[in-house]
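Structure below is coords30.cif: mmCIF, C-alpha atoms.
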data_work
#
loop_
_atom_site.label_atom_id
_atom_site.label_comp_id
_atom_site.auth_asym_id
_atom_site.auth_seq_id
_atom_site.Cartn_x
_atom_site.Cartn_y
_atom_site.Cartn_z
CA LEU Z 25 200.09 129.77 102.42
CA GLN Z 26 200.98 127.52 99.48
CA ASN Z 27 200.63 124.42 101.63
CA VAL Z 28 197.02 125.04 102.72
CA ARG Z 29 195.64 125.65 99.23
CA ILE Z 30 193.65 122.92 97.48
CA ASP Z 31 196.38 122.08 95.02
CA PRO Z 32 197.86 118.64 94.23
CA SER Z 33 201.34 120.04 95.00
CA SER Z 34 200.40 121.32 98.49
CA ILE Z 35 201.12 119.41 101.70
CA SER Z 36 197.49 119.56 102.86
CA PHE Z 37 196.00 118.32 99.56
CA GLN Z 38 196.29 114.63 100.41
CA MET Z 39 194.77 115.31 103.85
CA TRP Z 40 191.86 117.07 102.16
CA LYS Z 41 191.43 114.36 99.49
CA ASP Z 42 191.65 111.32 101.78
CA ILE Z 43 190.94 112.50 105.30
CA PRO Z 44 193.39 110.63 107.58
CA VAL Z 45 191.31 111.26 110.68
CA PRO Z 46 189.37 108.22 111.95
CA PHE Z 47 185.73 109.32 112.18
CA TYR Z 48 183.07 107.55 114.21
CA LEU Z 49 179.30 107.82 114.13
CA SER Z 50 177.73 107.08 117.52
CA VAL Z 51 173.95 106.66 117.60
CA HIS Z 52 171.75 106.70 120.72
CA PHE Z 53 168.10 105.65 120.45
CA PHE Z 54 165.26 106.66 122.76
CA GLU Z 55 163.05 103.71 123.63
CA VAL Z 56 159.46 104.45 124.65
CA LEU Z 57 158.82 102.49 127.86
CA ASN Z 58 155.08 103.20 128.15
CA PRO Z 59 153.55 103.17 124.63
CA LYS Z 60 150.08 102.08 125.82
CA GLN Z 61 149.94 104.93 128.34
CA VAL Z 62 151.07 107.45 125.70
CA LEU Z 63 148.10 106.37 123.56
CA ARG Z 64 145.87 107.27 126.52
CA GLY Z 65 147.34 110.77 126.70
CA GLU Z 66 150.03 110.25 129.33
CA LYS Z 67 153.57 111.64 129.22
CA PRO Z 68 156.10 109.51 127.28
CA VAL Z 69 158.78 107.84 129.41
CA LEU Z 70 162.04 107.39 127.52
CA SER Z 71 165.14 105.29 128.06
CA GLN Z 72 168.34 106.01 126.15
CA ARG Z 73 169.86 102.97 124.40
CA GLY Z 74 173.33 102.62 122.91
CA PRO Z 75 175.63 103.96 121.72
CA TYR Z 76 175.73 101.96 118.51
CA VAL Z 77 179.08 102.94 117.01
CA TYR Z 78 180.13 102.91 113.35
CA ARG Z 79 183.54 103.55 111.85
CA GLU Z 80 183.07 106.15 109.15
CA TYR Z 81 185.23 106.36 106.03
CA ARG Z 82 185.00 109.37 103.71
CA VAL Z 83 186.19 109.19 100.13
CA LYS Z 84 186.23 112.06 97.62
CA THR Z 85 185.54 111.20 94.00
CA ASN Z 86 184.92 113.13 90.75
CA ILE Z 87 187.48 115.76 91.81
CA THR Z 88 187.40 118.37 89.05
CA PHE Z 89 189.36 121.63 88.97
CA HIS Z 90 187.79 124.62 87.21
CA ASP Z 91 189.24 127.76 85.60
CA ASN Z 92 187.69 130.09 88.21
CA ASP Z 93 189.86 128.75 91.07
CA THR Z 94 187.25 126.29 92.30
CA VAL Z 95 187.15 122.52 92.57
CA SER Z 96 184.09 120.28 92.67
CA TYR Z 97 183.80 116.82 94.20
CA LEU Z 98 181.50 114.17 95.63
CA GLU Z 99 182.30 112.77 99.05
CA TYR Z 100 180.96 109.32 99.91
CA ARG Z 101 180.44 108.03 103.42
CA HIS Z 102 180.82 104.34 104.27
CA LEU Z 103 179.83 103.07 107.72
CA PHE Z 104 180.90 99.84 109.42
CA PHE Z 105 179.45 98.67 112.73
CA GLN Z 106 181.94 98.41 115.61
CA PRO Z 107 180.68 95.83 118.17
CA ASP Z 108 183.63 96.38 120.53
CA LEU Z 109 182.86 100.11 120.84
CA SER Z 110 179.08 99.70 121.06
CA ASN Z 111 176.75 99.12 123.97
CA GLY Z 112 174.48 96.66 122.19
CA THR Z 113 174.04 95.07 118.78
CA GLU Z 114 172.10 95.90 115.64
CA ASP Z 115 169.86 92.88 116.34
CA GLU Z 116 168.42 94.36 119.53
CA TYR Z 117 164.75 95.33 119.53
CA ILE Z 118 163.63 98.83 120.53
CA VAL Z 119 160.11 100.23 120.93
CA VAL Z 120 159.85 103.50 119.02
CA PRO Z 121 157.05 105.47 117.32
CA ASN Z 122 155.82 104.06 114.03
CA ILE Z 123 157.46 106.90 112.14
CA MET Z 124 155.62 106.29 108.88
CA LEU Z 125 152.22 106.09 110.58
CA MET Z 126 152.62 109.03 112.96
CA GLY Z 127 154.28 111.18 110.33
CA ALA Z 128 151.60 110.46 107.74
CA ALA Z 129 148.84 111.17 110.30
CA VAL Z 130 150.14 114.70 110.95
CA MET Z 131 150.78 115.26 107.24
CA VAL Z 132 147.13 114.49 106.30
CA GLU Z 133 145.56 116.28 109.27
CA LYS Z 134 144.21 119.13 107.14
CA LEU Z 135 143.06 116.94 104.24
CA PRO Z 136 139.37 115.99 103.78
CA ASN Z 137 137.92 113.52 106.28
CA PHE Z 138 137.37 110.79 103.67
CA VAL Z 139 141.17 110.75 103.02
CA LYS Z 140 141.84 110.27 106.72
CA LEU Z 141 139.21 107.51 106.88
CA LEU Z 142 140.82 105.74 103.94
CA LEU Z 143 144.23 106.00 105.62
CA SER Z 144 142.86 104.81 108.95
CA GLY Z 145 141.21 101.84 107.23
CA ALA Z 146 144.43 100.95 105.43
CA LEU Z 147 146.33 101.14 108.73
CA ALA Z 148 143.82 98.79 110.35
CA SER Z 149 143.92 96.27 107.52
CA LEU Z 150 147.73 96.26 107.62
CA LYS Z 151 147.61 95.92 111.45
CA GLN Z 152 149.67 99.09 111.86
CA GLU Z 153 149.99 100.55 115.35
CA ALA Z 154 151.27 103.87 116.65
CA PHE Z 155 154.37 102.26 118.15
CA MET Z 156 156.52 99.49 116.72
CA ASN Z 157 159.11 97.04 118.02
CA ARG Z 158 161.96 96.97 115.51
CA THR Z 159 165.66 96.09 115.57
CA VAL Z 160 168.32 98.78 115.57
CA GLY Z 161 169.44 97.61 112.14
CA GLU Z 162 165.93 97.89 110.71
CA ILE Z 163 165.38 101.40 112.06
CA MET Z 164 168.82 102.49 110.81
CA TRP Z 165 169.08 100.85 107.40
CA GLY Z 166 165.50 100.10 106.44
CA TYR Z 167 162.67 97.60 106.63
CA GLU Z 168 159.99 96.52 104.19
CA ASP Z 169 156.73 98.28 105.03
CA PRO Z 170 153.50 97.73 103.05
CA LEU Z 171 152.25 100.98 104.58
CA ILE Z 172 154.48 102.89 102.14
CA ASP Z 173 152.68 101.47 99.10
CA ALA Z 174 149.30 101.99 100.78
CA ILE Z 175 150.05 105.67 101.42
CA ASN Z 176 151.29 106.13 97.86
CA MET Z 177 148.05 104.62 96.56
CA ILE Z 178 145.73 106.69 98.79
CA ILE Z 179 147.66 109.97 98.51
CA PRO Z 180 149.82 109.88 95.35
CA GLY Z 181 152.97 111.97 95.63
CA LEU Z 182 152.98 112.18 99.44
CA LEU Z 183 156.05 109.91 99.63
CA PRO Z 184 158.72 109.99 96.90
CA PHE Z 185 159.99 106.47 97.64
CA LYS Z 186 158.69 102.91 97.61
CA GLY Z 187 158.91 99.71 99.60
CA LYS Z 188 161.60 100.30 102.21
CA PHE Z 189 162.12 102.90 104.95
CA GLY Z 190 165.05 103.58 107.30
CA LEU Z 191 166.30 106.70 109.03
CA PHE Z 192 169.90 106.28 107.78
CA MET Z 193 169.18 104.67 104.41
CA ASP Z 194 170.49 107.73 102.56
CA PHE Z 195 173.43 108.19 104.93
CA ASN Z 196 175.50 105.07 104.18
CA ASN Z 197 177.31 104.42 100.88
CA SER Z 198 176.04 107.72 99.55
CA ASN Z 199 177.27 111.26 99.04
CA SER Z 200 176.06 114.50 100.55
CA GLY Z 201 175.77 116.35 97.26
CA LEU Z 202 178.12 117.96 94.74
CA PHE Z 203 180.24 120.56 96.53
CA THR Z 204 182.16 123.21 94.61
CA VAL Z 205 184.65 125.07 96.81
CA ASN Z 206 187.36 127.67 96.38
CA THR Z 207 190.93 126.41 96.01
CA GLY Z 208 192.56 129.54 97.45
CA MET Z 209 195.04 129.70 94.56
CA ASN Z 210 194.55 133.46 94.07
CA ASN Z 211 192.89 134.40 97.37
CA ILE Z 212 193.92 132.30 100.34
CA SER Z 213 191.22 133.86 102.53
CA GLN Z 214 188.61 132.05 100.39
CA VAL Z 215 190.14 128.58 100.46
CA HIS Z 216 187.56 125.83 101.25
CA MET Z 217 184.68 128.34 101.10
CA VAL Z 218 181.66 126.85 99.32
CA ASP Z 219 180.97 128.31 95.89
CA SER Z 220 177.91 126.13 95.25
CA TRP Z 221 176.19 122.94 96.41
CA ASN Z 222 174.47 120.78 93.79
CA GLY Z 223 174.90 123.74 91.48
CA LEU Z 224 173.00 126.05 93.84
CA LYS Z 225 174.29 129.33 95.26
CA LYS Z 226 171.50 129.16 97.84
CA VAL Z 227 168.88 126.60 98.87
CA ASN Z 228 165.11 127.05 98.68
CA TYR Z 229 164.00 125.24 101.83
CA TRP Z 230 163.38 128.31 103.96
CA ARG Z 231 161.29 131.48 104.00
CA SER Z 232 164.04 134.13 103.95
CA SER Z 233 167.03 134.74 101.69
CA GLN Z 234 169.28 134.94 104.75
CA CYS Z 235 168.28 131.47 105.96
CA ASN Z 236 168.66 130.04 102.45
CA MET Z 237 172.24 131.29 102.06
CA ILE Z 238 175.04 128.74 101.70
CA ASN Z 239 177.75 130.17 103.92
CA GLY Z 240 181.17 129.02 105.06
CA THR Z 241 183.00 125.83 104.11
CA ALA Z 242 181.92 122.22 103.67
CA GLY Z 243 182.85 121.61 107.31
CA GLU Z 244 186.23 119.91 106.79
CA MET Z 245 188.73 122.79 106.85
CA TRP Z 246 188.67 126.58 107.06
CA PRO Z 247 190.87 129.42 105.74
CA PRO Z 248 194.15 129.94 107.65
CA PHE Z 249 194.91 132.65 110.20
CA MET Z 250 191.53 132.36 111.91
CA SER Z 251 190.32 135.02 114.30
CA PRO Z 252 188.66 134.11 117.62
CA THR Z 253 185.17 135.12 116.50
CA SER Z 254 183.07 132.55 114.62
CA LEU Z 255 183.13 129.98 111.84
CA GLN Z 256 180.48 128.76 109.40
CA PHE Z 257 179.83 125.62 107.39
CA TYR Z 258 177.02 124.28 105.25
CA SER Z 259 175.45 121.04 106.53
CA PRO Z 260 173.34 119.01 104.06
CA ASP Z 261 172.14 116.94 107.05
CA ALA Z 262 170.69 120.07 108.68
CA CYS Z 263 169.69 121.58 105.29
CA ARG Z 264 171.26 124.89 106.28
CA SER Z 265 174.43 126.77 107.14
CA LEU Z 266 175.50 126.59 110.76
CA THR Z 267 177.44 129.28 112.63
CA LEU Z 268 179.58 128.32 115.62
CA VAL Z 269 181.12 130.89 117.98
CA TYR Z 270 184.52 131.08 119.65
CA GLU Z 271 184.54 129.83 123.24
CA GLN Z 272 188.17 129.56 124.34
CA SER Z 273 191.77 128.93 123.33
CA GLY Z 274 193.42 125.69 124.28
CA GLN Z 275 195.64 122.85 123.13
CA PHE Z 276 195.10 119.43 121.63
CA GLN Z 277 198.06 117.11 122.16
CA GLY Z 278 200.31 120.15 122.39
CA VAL Z 279 198.93 121.86 119.28
CA PRO Z 280 197.27 125.27 119.92
CA THR Z 281 193.55 125.41 119.08
CA PHE Z 282 190.50 127.64 119.08
CA ARG Z 283 187.36 125.94 120.37
CA PHE Z 284 184.10 126.82 118.62
CA VAL Z 285 180.68 125.83 120.02
CA ALA Z 286 177.03 126.32 119.12
CA PRO Z 287 175.46 129.58 120.34
CA LYS Z 288 172.19 129.33 122.24
CA THR Z 289 170.53 131.06 119.29
CA LEU Z 290 171.41 128.30 116.80
CA PHE Z 291 167.99 126.60 117.00
CA ALA Z 292 166.10 129.44 118.67
CA ASN Z 293 162.68 130.30 117.27
CA GLY Z 294 161.87 133.53 115.44
CA THR Z 295 160.38 135.15 118.54
CA ASP Z 296 163.49 134.71 120.66
CA TYR Z 297 165.90 135.36 117.77
CA PRO Z 298 164.33 137.27 114.83
CA PRO Z 299 166.96 136.23 112.21
CA ASN Z 300 165.65 132.66 112.59
CA GLU Z 301 162.12 133.64 111.59
CA GLY Z 302 162.90 132.32 108.12
CA PHE Z 303 163.19 128.78 109.53
CA CYS Z 304 159.63 128.88 110.86
CA PRO Z 305 156.85 127.81 111.35
CA CYS Z 306 158.39 127.35 114.77
CA LEU Z 307 157.46 125.80 118.06
CA GLN Z 308 159.54 126.33 121.20
CA SER Z 309 163.10 127.60 121.06
CA GLY Z 310 165.75 124.92 120.79
CA ILE Z 311 164.20 122.88 117.97
CA GLN Z 312 164.19 123.58 114.26
CA ASN Z 313 161.43 122.50 111.91
CA VAL Z 314 163.06 120.62 109.00
CA SER Z 315 159.86 119.35 107.41
CA THR Z 316 160.48 121.39 104.25
CA CYS Z 317 163.64 119.40 103.51
CA ARG Z 318 162.39 116.09 104.92
CA LEU Z 319 159.49 115.29 102.57
CA ASN Z 320 157.15 117.53 104.64
CA ALA Z 321 157.26 115.01 107.50
CA PRO Z 322 156.85 116.61 110.96
CA MET Z 323 160.56 116.31 111.81
CA PHE Z 324 162.63 118.61 114.03
CA ILE Z 325 166.34 118.76 114.79
CA SER Z 326 167.88 119.93 118.05
CA HIS Z 327 170.80 119.40 120.35
CA PRO Z 328 170.72 116.01 122.14
CA HIS Z 329 168.36 115.79 125.14
CA PHE Z 330 167.07 119.26 124.13
CA TYR Z 331 170.24 120.87 125.46
CA ASN Z 332 169.97 124.69 125.24
CA ALA Z 333 166.25 124.38 124.46
CA ASP Z 334 163.08 125.65 126.13
CA PRO Z 335 162.64 123.70 129.41
CA SER Z 336 159.08 122.80 128.41
CA LEU Z 337 160.49 120.41 125.78
CA VAL Z 338 162.47 118.50 128.40
CA ASN Z 339 159.53 118.49 130.82
CA ALA Z 340 157.10 117.13 128.20
CA VAL Z 341 158.79 113.72 128.44
CA GLU Z 342 160.59 111.76 131.14
CA GLY Z 343 164.14 110.48 130.81
CA LEU Z 344 166.07 113.46 129.40
CA HIS Z 345 169.07 114.91 131.25
CA PRO Z 346 170.79 117.58 129.12
CA THR Z 347 174.37 118.57 129.98
CA LYS Z 348 176.96 120.58 128.09
CA GLU Z 349 179.65 117.92 128.56
CA GLN Z 350 177.62 115.11 126.98
CA HIS Z 351 175.34 116.95 124.58
CA GLY Z 352 177.11 120.13 123.47
CA LEU Z 353 178.93 120.10 120.12
CA PHE Z 354 182.41 121.53 119.58
CA LEU Z 355 185.18 122.03 117.03
CA ASP Z 356 188.84 122.46 118.04
CA VAL Z 357 190.63 124.12 115.10
CA HIS Z 358 194.30 124.97 114.63
CA PRO Z 359 193.94 128.71 113.91
CA MET Z 360 197.09 129.08 111.79
CA THR Z 361 196.04 126.48 109.21
CA GLY Z 362 192.26 126.22 109.72
CA ILE Z 363 192.52 122.43 110.13
CA PRO Z 364 190.30 120.80 112.80
CA MET Z 365 192.27 118.82 115.38
CA ASN Z 366 189.36 117.42 117.38
CA CYS Z 367 185.60 117.62 116.87
CA SER Z 368 182.26 116.19 117.90
CA ILE Z 369 179.19 117.35 115.98
CA LYS Z 370 175.95 116.23 117.65
CA LEU Z 371 172.35 116.42 116.47
CA GLN Z 372 169.05 114.96 117.66
CA LEU Z 373 166.21 113.86 115.40
CA ASN Z 374 162.69 114.40 116.75
CA LEU Z 375 159.19 113.53 115.55
CA TYR Z 376 156.13 115.65 116.29
CA ILE Z 377 153.30 113.31 117.29
CA LYS Z 378 149.70 114.02 118.26
CA HIS Z 379 146.12 112.74 118.14
CA VAL Z 380 144.70 113.31 114.65
CA SER Z 381 140.92 113.25 114.36
CA GLY Z 382 139.76 110.52 112.01
CA ILE Z 383 142.81 108.31 112.46
CA ILE Z 384 142.00 105.96 115.30
CA GLN Z 385 145.57 104.62 115.57
CA THR Z 386 146.70 107.95 117.08
CA GLY Z 387 144.53 107.30 120.15
CA GLU Z 388 144.53 110.24 122.56
CA ILE Z 389 148.22 111.13 122.11
CA LYS Z 390 148.89 114.63 123.35
CA PRO Z 391 150.97 116.89 121.08
CA VAL Z 392 154.66 116.39 121.87
CA VAL Z 393 158.00 116.68 120.12
CA LEU Z 394 159.32 113.17 120.77
CA PRO Z 395 163.07 112.45 120.55
CA LEU Z 396 163.83 109.49 118.28
CA LEU Z 397 167.62 109.37 118.44
CA TRP Z 398 170.70 111.50 118.65
CA PHE Z 399 174.04 110.99 116.95
CA ALA Z 400 177.58 112.31 117.17
CA GLU Z 401 180.13 112.42 114.36
CA SER Z 402 183.50 112.59 116.10
CA GLY Z 403 187.14 112.50 115.07
CA SER Z 404 190.59 113.70 116.09
CA ILE Z 405 194.00 113.85 114.45
CA GLU Z 406 196.31 111.17 115.84
CA GLY Z 407 199.31 108.97 115.08
CA SER Z 408 201.82 109.94 112.40
CA VAL Z 409 199.64 112.81 111.15
CA LEU Z 410 199.56 114.35 114.64
CA LYS Z 411 203.33 113.87 114.97
CA GLN Z 412 203.92 115.62 111.65
CA PHE Z 413 201.53 118.39 112.66
CA TYR Z 414 203.27 118.91 115.99
CA THR Z 415 206.77 118.86 114.46
CA ASN Z 416 206.02 121.30 111.64
CA LEU Z 417 203.64 123.68 113.39
CA VAL Z 418 204.74 123.64 117.03
CA LEU Z 419 208.22 122.24 117.55
CA LEU Z 420 209.96 123.72 114.51
CA PRO Z 421 208.56 127.27 114.97
CA SER Z 422 209.57 127.12 118.67
CA VAL Z 423 213.13 126.08 117.75
CA LEU Z 424 213.36 128.87 115.18
CA GLU Z 425 212.06 131.38 117.72
CA TYR Z 426 214.63 130.31 120.31
CA LEU Z 427 217.34 130.37 117.63
CA GLN Z 428 216.32 133.90 116.76
CA TYR Z 429 216.81 135.03 120.37
CA ILE Z 430 220.13 133.18 120.62
CA LEU Z 431 221.41 134.87 117.48
CA LEU Z 432 220.13 138.18 118.74
CA GLY Z 433 221.89 137.58 122.07
CA LEU Z 434 225.15 136.75 120.31
CA SER Z 435 224.90 139.75 118.04
CA VAL Z 436 224.68 142.32 120.86
CA PRO Z 437 228.28 141.82 122.16
CA LEU Z 438 229.55 141.86 118.57
CA ILE Z 439 227.78 145.15 117.88
CA VAL Z 440 229.14 146.66 121.13
CA SER Z 441 232.68 145.46 120.35
CA ALA Z 442 232.50 146.87 116.84
CA ALA Z 443 231.25 150.20 118.13
CA PHE Z 444 234.04 150.29 120.74
CA LEU Z 445 236.73 149.59 118.10
CA MET Z 446 235.35 152.28 115.81
CA ALA Z 447 235.37 154.76 118.68
CA ARG Z 448 239.05 153.96 119.49
CA ARG Z 449 240.08 154.42 115.87
CA LYS Z 450 238.52 157.87 115.85
#

Kindly return the structure encoded in the file as structure tokens.
Amino acid sequence: LQNVRIDPSSISFQMWKDIPVPFYLSVHFFEVLNPKQVLRGEKPVLSQRGPYVYREYRVKTNITFHDNDTVSYLEYRHLFFQPDLSNGTEDEYIVVPNIMLMGAAVMVEKLPNFVKLLLSGALASLKQEAFMNRTVGEIMWGYEDPLIDAINMIIPGLLPFKGKFGLFMDFNNSNSGLFTVNTGMNNISQVHMVDSWNGLKKVNYWRSSQCNMINGTAGEMWPPFMSPTSLQFYSPDACRSLTLVYEQSGQFQGVPTFRFVAPKTLFANGTDYPPNEGFCPCLQSGIQNVSTCRLNAPMFISHPHFYNADPSLVNAVEGLHPTKEQHGLFLDVHPMTGIPMNCSIKLQLNLYIKHVSGIIQTGEIKPVVLPLLWFAESGSIEGSVLKQFYTNLVLLPSVLEYLQYILLGLSVPLIVSAAFLMARRK
């Protein structure tokens, strides 16, 4: 118990502070093969590109212990491209939706017509089209776009940033917020449980108090002596707490584990799963509207390839082939310590696109939730850390258990002999 607390004297503290597990971020893009036809109202045809793989390093800073048995910290992520593990380079060009244009079009749909005419005119003068041909690096880390300044001038406050736009601009060399978690010093069942995030006990993105709750841990470790039921963690990337459910017991490199996976209700809509009503307005089950925490842009998250989603989402485009093996997420956790041994957390980012009256660049696009990319953050304990884990938590307990039975076996004849001698003396 002492060794799984967040305490500089505990064995697991250094593992918590500087995670020894090599993490990798693998990104797959969806290229639109028929952009001209999509503008005429035809079904999008997609081709998956990648993976583009990045080695991910996580570093905790500003570690501060508090009097109420909590500790706060910032964790920074640093990503480095791995050409040898990737199927392609960051210099490759991919045809994808013009995210700024299509997002802004949907965002201004209900504004007065003169605003839409101004925006459409600005798009024309800047030669902006509904689809763009950009490099992987530009889409990931940002590109200069005069459209951003034009939108800010026409509709002040619509975008809270200037000049540059990239889907992963805020992901690299940045932190995911100030976490304050329990140390477990007085109550080991609360170790790693989130006390607050950015000073908040709950978020305000959603429409119900239940959906706004910050539950579980920060997603790195869990309290020891886990039961085969469920686990929770708060994900700043998903803007919500996620609950995974127990699937099966197993082993990872000889170490016993519980496997936890996403339930089918994770991204279900409020009709199919009433507790998720607070995440609405909803479309089909299997996608979650995250516009309220993504600058009001029409963005949705889901499992990759719309795995576990309403079949209509898969059928609305061509090129998706969802399978559990490739697109289901999982966590393999050592139940005695609550330390993950092997994991792969996968999410897909989608953009809702449609024809918007008054904006000619949207053509006759039919309403569709269009996959942009999906990514997996994966890691597993290996090397000397795995060896230490196996020795201390598998091999040594087994030896002690066998020794217990040997001693017990030796003690039986001694007890019988002693009883026999006592009987003879009487």

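Proximity to Asn222 (chain Z) was assessed for Z:Phe249, Z:Gly181, Z:Pro260, Z:Ala333 counting all atoms listed in the file; the smallest distance is recorded for Z:Pro260.
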
* **Proximity to Cys317 (chain Z) - best of Z:Asp219, Z:Glu301, Z:Glu153, Z:Asp261, only C-alpha atoms** =>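 The closest residue to Cys317 (chain Z) is Z:Asp261.
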
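Using the PyMOL selection byres ((chain Z and resi 53-60) around 6) on the file at hand returns these residues: His52, Gln61, Val62, Leu63, Val69, Leu70, Ser71, Gln72, Arg73, Ile118, Val119, Val120, Leu396 and Leu397 of chain Z.
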
* In Å, with one decimal, what is the gap from CA of Asp91 (chain Z) to CA of Thr207 (chain Z)? ->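 Going from CA of Asp91 (chain Z) over to CA of Thr207 (chain Z), I get 10.6 Å.
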
* Asked: Using the chain letters and numbers from the file, which residues does the PyMOL selection byres ((chain Z and resi 200) around 8) grab, as a list in words?
  -> Leu98, Glu99, Tyr100, Ser198, Asn199, Gly201, Leu202, Pro260 and Asp261 of chain Z

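What separates CA of Asn197 (chain Z) from CA of Asn366 (chain Z) is a distance of 24.2 Å.
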
* Which of Z:Thr281, Z:Leu224, Z:Val393, Z:Asn374 sits closest to Leu307 (chain Z) [using only C-alpha atoms] ->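 Among the listed residues, Z:Val393 lies closest to Leu307 (chain Z).
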
What does the PyMOL selection byres ((chain Z and resi 342-352) around 8) select in this file, as an mmCIF file with C-alpha atoms, in the coordinates of the input?
data_model
loop_
_atom_site.group_PDB
_atom_site.id
_atom_site.type_symbol
_atom_site.label_atom_id
_atom_site.label_comp_id
_atom_site.auth_asym_id
_atom_site.auth_seq_id
_atom_site.Cartn_x
_atom_site.Cartn_y
_atom_site.Cartn_z
ATOM 1 C CA LYS Z 67 153.570 111.640 129.220
ATOM 2 C CA PRO Z 68 156.100 109.510 127.280
ATOM 3 C CA VAL Z 69 158.780 107.840 129.410
ATOM 4 C CA LEU Z 70 162.040 107.390 127.520
ATOM 5 C CA SER Z 71 165.140 105.290 128.060
ATOM 6 C CA GLN Z 72 168.340 106.010 126.150
ATOM 7 C CA VAL Z 285 180.680 125.830 120.020
ATOM 8 C CA ALA Z 286 177.030 126.320 119.120
ATOM 9 C CA HIS Z 327 170.800 119.400 120.350
ATOM 10 C CA PRO Z 328 170.720 116.010 122.140
ATOM 11 C CA HIS Z 329 168.360 115.790 125.140
ATOM 12 C CA PHE Z 330 167.070 119.260 124.130
ATOM 13 C CA TYR Z 331 170.240 120.870 125.460
ATOM 14 C CA VAL Z 338 162.470 118.500 128.400
ATOM 15 C CA ASN Z 339 159.530 118.490 130.820
ATOM 16 C CA ALA Z 340 157.100 117.130 128.200
ATOM 17 C CA VAL Z 341 158.790 113.720 128.440
ATOM 18 C CA LEU Z 353 178.930 120.100 120.120
ATOM 19 C CA PHE Z 354 182.410 121.530 119.580
ATOM 20 C CA LYS Z 370 175.950 116.230 117.650
#

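In terms of minimum interatomic distance to Gly208 (chain Z), Z:Val28 ranks closest within Z:Ile311, Z:Val28, Z:Ile405, Z:Leu183, counting all atoms listed in the file.
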
* Å distance separating CA of Pro305 (chain Z) from CA of Pro322 (chain Z), one decimal place ->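 Straight-line distance from CA of Pro305 (chain Z) to CA of Pro322 (chain Z) works out to 11.2 Å.
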
Per residue of region 156-246 of chain Z within 12 Å of region 136-140 of chain Z, which atom pair is closest and at what distance in Å (one decimal), using all atoms listed in the file, listed by chain and increasing number, as JSON lines?
{"residue": "Z:Ile175", "atom": "CA", "partner": "Z:Val139", "partner_atom": "CA", "distance": 10.4}
{"residue": "Z:Met177", "atom": "CA", "partner": "Z:Val139", "partner_atom": "CA", "distance": 11.3}
{"residue": "Z:Ile178", "atom": "CA", "partner": "Z:Val139", "partner_atom": "CA", "distance": 7.4}
{"residue": "Z:Ile179", "atom": "CA", "partner": "Z:Val139", "partner_atom": "CA", "distance": 7.9}
{"residue": "Z:Pro180", "atom": "CA", "partner": "Z:Val139", "partner_atom": "CA", "distance": 11.6}

* **Pick from Z:Val130, Z:Asp115, Z:Ser33, Z:Phe203, whichever lies nearest to Thr85 (chain Z) using only C-alpha atoms** =>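 Under the stated criterion, the closest residue is Z:Phe203.
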
Could you add whatever atoms are missing so that region 148-159 of chain Z carries N, CA and C atoms, then write the result as a PDB file, in the frame of the given file?
ATOM      1  N   ALA Z 148     144.451  99.901 109.627  1.00  0.00           N
ATOM      2  CA  ALA Z 148     143.820  98.790 110.350  1.00  0.00           C
ATOM      3  C   ALA Z 148     144.002  97.477 109.604  1.00  0.00           C
ATOM      4  N   SER Z 149     143.802  97.507 108.296  1.00  0.00           N
ATOM      5  CA  SER Z 149     143.920  96.270 107.520  1.00  0.00           C
ATOM      6  C   SER Z 149     145.349  95.753 107.501  1.00  0.00           C
ATOM      7  N   LEU Z 150     146.321  96.657 107.592  1.00  0.00           N
ATOM      8  CA  LEU Z 150     147.730  96.260 107.620  1.00  0.00           C
ATOM      9  C   LEU Z 150     148.225  96.011 109.043  1.00  0.00           C
ATOM     10  N   LYS Z 151     147.291  96.132 110.031  1.00  0.00           N
ATOM     11  CA  LYS Z 151     147.610  95.920 111.450  1.00  0.00           C
ATOM     12  C   LYS Z 151     148.737  96.836 111.928  1.00  0.00           C
ATOM     13  N   GLN Z 152     148.685  98.091 111.466  1.00  0.00           N
ATOM     14  CA  GLN Z 152     149.670  99.090 111.860  1.00  0.00           C
ATOM     15  C   GLN Z 152     149.251  99.740 113.168  1.00  0.00           C
ATOM     16  N   GLU Z 153     150.233  99.902 114.070  1.00  0.00           N
ATOM     17  CA  GLU Z 153     149.990 100.550 115.350  1.00  0.00           C
ATOM     18  C   GLU Z 153     150.886 101.762 115.503  1.00  0.00           C
ATOM     19  N   ALA Z 154     150.549 102.607 116.484  1.00  0.00           N
ATOM     20  CA  ALA Z 154     151.270 103.870 116.650  1.00  0.00           C
ATOM     21  C   ALA Z 154     152.715 103.672 117.079  1.00  0.00           C
ATOM     22  N   PHE Z 155     153.003 102.547 117.740  1.00  0.00           N
ATOM     23  CA  PHE Z 155     154.370 102.260 118.150  1.00  0.00           C
ATOM     24  C   PHE Z 155     154.775 100.897 117.596  1.00  0.00           C
ATOM     25  N   MET Z 156     156.047 100.740 117.318  1.00  0.00           N
ATOM     26  CA  MET Z 156     156.520  99.490 116.720  1.00  0.00           C
ATOM     27  C   MET Z 156     157.747  98.983 117.464  1.00  0.00           C
ATOM     28  N   ASN Z 157     157.956  97.692 117.398  1.00  0.00           N
ATOM     29  CA  ASN Z 157     159.110  97.040 118.020  1.00  0.00           C
ATOM     30  C   ASN Z 157     160.008  96.529 116.905  1.00  0.00           C
ATOM     31  N   ARG Z 158     161.069  97.277 116.619  1.00  0.00           N
ATOM     32  CA  ARG Z 158     161.960  96.970 115.510  1.00  0.00           C
ATOM     33  C   ARG Z 158     163.402  96.834 116.008  1.00  0.00           C
ATOM     34  N   THR Z 159     164.249  96.175 115.206  1.00  0.00           N
ATOM     35  CA  THR Z 159     165.660  96.090 115.570  1.00  0.00           C
ATOM     36  C   THR Z 159     166.366  97.395 115.221  1.00  0.00           C
TER      37      THR Z 159
END
